[in-house]
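The file start_32.cif contains mmCIF, C-alpha atoms:
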```cif
data_start
#
loop_
_atom_site.label_atom_id
_atom_site.label_comp_id
_atom_site.auth_asym_id
_atom_site.auth_seq_id
_atom_site.Cartn_x
_atom_site.Cartn_y
_atom_site.Cartn_z
CA MET A 14 -62.33 103.88 173.11
CA PHE A 15 -64.37 101.59 170.90
CA GLU A 16 -67.96 101.57 169.75
CA LYS A 17 -68.73 98.03 168.67
CA ARG A 18 -65.66 97.21 166.57
CA GLU A 19 -64.80 100.73 165.43
CA VAL A 20 -62.45 103.16 167.15
CA ALA A 21 -64.61 106.00 168.50
CA ALA A 22 -61.83 108.01 170.15
CA ARG A 23 -58.15 107.90 171.08
CA HIS A 24 -56.77 109.48 174.21
CA PRO A 25 -53.30 109.60 175.73
CA ARG A 26 -52.89 107.20 178.59
CA LEU A 27 -53.12 108.66 182.08
CA THR A 28 -50.35 107.23 184.24
CA ARG A 29 -51.43 108.40 187.68
CA ARG A 30 -54.37 107.37 189.74
CA GLY A 31 -57.05 110.03 190.10
CA LYS A 32 -55.90 111.99 187.04
CA PHE A 33 -58.40 113.05 184.40
CA ARG A 34 -58.31 114.61 180.98
CA ASP A 35 -61.06 116.93 179.80
CA GLU A 36 -61.68 117.03 176.06
CA LEU A 37 -63.59 120.11 174.92
CA ASP A 38 -65.07 118.12 172.05
CA HIS A 39 -66.88 115.82 174.51
CA TYR A 40 -68.81 118.73 176.03
CA LEU A 41 -69.86 120.64 172.89
CA GLU A 42 -73.45 119.40 172.76
CA ILE A 43 -73.98 120.28 176.44
CA LEU A 44 -72.33 123.68 175.98
CA LEU A 45 -74.52 124.35 172.95
CA ALA A 46 -77.55 124.14 175.25
CA LYS A 47 -75.81 126.14 178.02
CA PRO A 48 -73.37 128.49 176.26
CA GLY A 49 -72.77 130.52 179.41
CA ALA A 50 -70.83 127.59 180.88
CA MET A 51 -68.21 127.71 178.11
CA ALA A 52 -66.07 130.56 179.48
CA GLY A 53 -65.46 128.92 182.85
CA SER A 54 -65.23 125.30 181.73
CA THR A 55 -62.22 123.20 182.66
CA ALA A 56 -62.38 121.63 179.21
CA LEU A 57 -61.74 125.06 177.67
CA VAL A 58 -58.78 125.61 180.02
CA THR A 59 -57.37 122.23 178.98
CA ALA A 60 -57.90 122.99 175.29
CA ARG A 61 -56.06 126.30 175.66
CA GLU A 62 -53.21 124.59 177.51
CA ASN A 63 -52.73 121.82 174.96
CA GLY A 64 -52.99 124.23 172.02
CA SER A 65 -56.14 122.84 170.41
CA PHE A 66 -57.98 126.11 171.14
CA THR A 67 -55.86 128.48 169.06
CA GLU A 68 -55.60 132.23 168.49
CA VAL A 69 -57.98 131.88 165.55
CA HIS A 70 -60.58 130.27 167.81
CA GLU A 71 -60.13 133.08 170.35
CA ALA A 72 -60.45 135.75 167.64
CA PHE A 73 -63.55 134.12 166.13
CA TRP A 74 -65.16 133.85 169.57
CA ALA A 75 -64.44 137.50 170.36
CA ALA A 76 -65.79 138.63 166.97
CA ALA A 77 -68.90 136.44 167.29
CA ARG A 78 -69.66 137.71 170.81
CA SER A 79 -69.17 141.28 169.61
CA ALA A 80 -71.53 140.76 166.67
CA HIS A 81 -74.22 138.55 168.25
CA GLY A 82 -73.91 138.95 172.03
CA ASP A 83 -72.37 136.56 174.54
CA ALA A 84 -74.82 133.64 174.30
CA ALA A 85 -75.40 133.65 170.54
CA GLY A 86 -71.72 134.36 169.84
CA THR A 87 -70.65 131.44 172.02
CA GLN A 88 -73.19 129.21 170.27
CA ALA A 89 -71.70 130.24 166.90
CA LEU A 90 -68.25 129.25 168.21
CA ILE A 91 -69.51 125.90 169.49
CA GLU A 92 -71.20 125.15 166.16
CA ALA A 93 -67.92 125.99 164.42
CA LEU A 94 -66.01 123.75 166.86
CA LEU A 95 -68.34 120.88 165.93
CA LEU A 96 -66.96 121.15 162.37
CA HIS A 97 -63.64 119.78 163.70
CA ARG A 98 -65.30 116.38 163.87
CA ARG A 99 -65.76 116.22 160.10
CA MET A 100 -63.00 118.43 158.71
CA PRO A 101 -59.28 118.89 159.19
CA ALA A 102 -58.40 121.34 161.96
CA ALA A 103 -56.37 123.55 159.61
CA ALA A 104 -59.32 123.87 157.21
CA VAL A 105 -61.72 124.84 160.02
CA GLN A 106 -59.22 127.40 161.30
CA GLN A 107 -58.88 128.87 157.82
CA GLY A 108 -62.67 128.97 157.59
CA MET A 109 -62.83 130.85 160.90
CA ALA A 110 -60.19 133.29 159.69
CA ALA A 111 -62.11 133.90 156.45
CA ALA A 112 -65.33 134.45 158.42
CA ILE A 113 -63.57 137.01 160.62
CA ARG A 114 -62.22 138.85 157.57
CA ALA A 115 -65.66 138.86 155.97
CA GLY A 116 -67.33 140.06 159.16
CA ALA A 117 -69.78 137.15 159.04
CA THR A 118 -69.17 135.22 162.23
CA THR A 119 -71.55 132.32 161.80
CA ALA A 120 -70.86 128.59 161.69
CA ASP A 121 -72.39 128.40 158.21
CA VAL A 122 -69.80 130.80 156.79
CA VAL A 123 -67.04 128.90 158.59
CA ALA A 124 -68.30 125.62 157.09
CA VAL A 125 -68.39 126.99 153.55
CA GLU A 126 -64.94 128.53 153.82
CA ALA A 127 -63.53 125.43 155.53
CA ARG A 128 -64.81 123.24 152.69
CA LYS A 129 -63.07 125.54 150.21
CA ALA A 130 -59.86 125.38 152.23
CA ALA A 131 -60.03 121.60 152.83
CA ALA A 132 -58.94 120.87 149.28
CA LEU A 133 -56.02 123.29 149.58
CA VAL A 134 -54.73 122.45 153.08
CA PRO A 135 -51.44 120.50 153.02
CA GLU A 136 -50.79 117.91 155.68
CA PRO A 137 -48.97 119.46 158.66
CA ALA A 138 -45.23 118.79 158.65
CA GLU A 139 -43.87 117.17 161.79
CA ASP A 140 -41.22 119.12 163.71
CA SER A 141 -41.01 121.95 161.19
CA ASP A 142 -38.55 124.69 162.12
CA GLU A 143 -40.18 127.33 159.94
CA GLN A 144 -40.72 130.79 161.35
CA SER A 145 -44.24 131.44 162.51
CA GLU A 146 -46.50 133.11 159.98
CA PRO A 147 -48.78 136.03 160.76
CA PRO A 148 -52.27 135.09 161.90
CA PRO A 149 -54.43 133.99 158.92
CA TRP A 150 -57.09 136.66 159.51
CA ALA A 151 -54.44 139.32 158.86
CA GLU A 152 -53.99 138.15 155.27
CA PRO A 153 -56.17 139.32 152.37
CA SER A 154 -59.34 137.33 152.07
CA GLY A 155 -60.80 135.48 149.16
CA VAL A 156 -64.22 136.47 150.51
CA VAL A 157 -65.60 139.58 148.88
CA SER A 158 -67.49 142.05 151.01
CA LEU A 159 -70.75 143.10 149.37
CA THR A 160 -70.25 146.66 150.57
CA ALA A 161 -66.80 146.81 148.97
CA ARG A 162 -68.18 145.18 145.79
CA ARG A 163 -70.98 147.78 145.50
CA ALA A 164 -68.42 150.57 145.57
CA GLN A 165 -66.84 149.10 142.42
CA LEU A 166 -70.10 148.87 140.44
CA PRO A 167 -71.10 151.63 138.01
CA GLU A 168 -73.83 154.03 139.02
CA ASP A 169 -77.37 152.75 138.48
CA LYS A 170 -79.14 155.20 136.13
CA ARG A 171 -82.41 153.32 135.81
CA PRO A 172 -85.56 155.20 136.87
CA LEU A 173 -86.98 154.39 140.27
CA PRO A 174 -89.75 151.80 140.22
CA THR A 175 -93.31 153.06 140.28
CA VAL A 176 -96.68 151.53 141.02
CA SER A 177 -98.74 154.20 139.25
CA HIS A 178 -100.05 151.76 136.65
CA TYR A 179 -101.81 149.93 139.50
CA ASP A 180 -103.83 153.07 140.32
CA GLN A 181 -106.35 152.09 137.66
CA LEU A 182 -107.35 149.16 139.88
CA LEU A 183 -108.34 151.59 142.63
CA LYS A 184 -110.74 153.42 140.30
CA ARG A 185 -112.50 150.28 139.21
CA GLN A 186 -115.95 149.67 140.74
CA PRO A 187 -117.28 146.21 141.47
CA LYS A 188 -120.23 145.07 139.36
CA GLY A 189 -123.59 145.92 140.81
CA THR A 190 -122.48 149.21 142.40
CA ALA A 191 -122.71 152.56 140.72
#
```
Is it possible to give me this structure as structure tokens?
Amino acid sequence: MFEKREVAARHPRLTRRGKFRDELDHYLEILLAKPGAMAGSTALVTARENGSFTEVHEAFWAAARSAHGDAAGTQALIEALLLHRRMPAAAVQQGMAAAIRAGATTADVVAVEARKAAALVPEPAEDSDEQSEPPPWAEPSGVVSLTARRAQLPEDKRPLPTVSHYDQLLKRQPKGTA
């Protein structure tokens, strides 16, 4: 498919009359406005069947719905899916995995982590016979949890803040009264 003289999209050729191919990416803007339609969409079924909607996507979606509710969690997933347009798929998936590990299931966290991973992601090897690796969210994260970080800090022995020196302002009388 072309837009002016530039290639806008490439699709496999359909060889039978009446056949169609749903691309999840083509529906993301619509689904962002109506996130409830995502779960039952034929484009999602197609994406699952062709492998473009992976285990990492499923795990991120489940974590986002658990954290934010169905509608907001689905919107977070859709915003993360929109990152596939600008970044390599492997980097976005690593960003989703890092967001899951950090417990911060938002598209912003996915974007930051995907940008970090984009420089480190090797090109996928064609027809590799390597054994499958464990899911990326099962590996230790480079993202540091603030709660875990606080546990490592020394005890704060400073005195609690006070506002007692502002009490003098309460005792002050405006000019002309007294």
Exercise for the section: Take CA of Ala132 in chain A and CA of Met109 in chain A and report the distance between them in Å, one decimal. Expected result: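 Here the two named atoms are 15.8 Å from each other.
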Problem - From A:Ala76, A:Ala85, A:Leu94, A:Leu57, residue lying nearest Glu42 in chain A [only C-alpha atoms] - result: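 Smallest separation from Glu42 in chain A among the options: A:Leu94.
Residue selection for this entry, given the PyMOL selection byres ((chain A and resi 118) around 9), comprises Phe73, Trp74, Ala76, Ala77, Arg78, Ala80, His81, Gly86, Ala89, Leu90, Met109, Ala112, Ile113, Ala115, Gly116, Ala117, Thr119, Ala120, Asp121, Val122 and Val123 of chain A.
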Exercise for the section: Quote the spacing between CA of Ala56 in chain A and CA of Val20 in chain A in Å to one decimal place. Expected result: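 Between CA of Ala56 in chain A and CA of Val20 in chain A the gap is 22.1 Å.
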Exercise for the section: Provide the CA of Glu16 in chain A to CA of Tyr40 in chain A distance in Å, to one decimal place. Expected result: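 Rounded to one decimal, the two atoms are 18.3 Å apart.
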Practice task
Can you turn the PyMOL selection byres ((chain A and resi 129) around 12) into a concrete residue list for this file, as a ChimeraX atom specification?
Solution key: /A:100-101,103-109,111,122-128,130-134,155-156
Exercise for the section: Counting all atoms listed in the file, note down every residue that has an atom within 10 Å of the point (-70.6, 129.6, 174.9) (file coordinates), as a VMD selection string. Expected result: chain A and resid 41 44 to 54 74 78 83 to 92
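Candidate residues A:Ala60, A:Glu71, A:Gln181, A:Gly82 were compared for distance to Asp38 in chain A, and the nearest is A:Ala60, using all atoms listed in the file.
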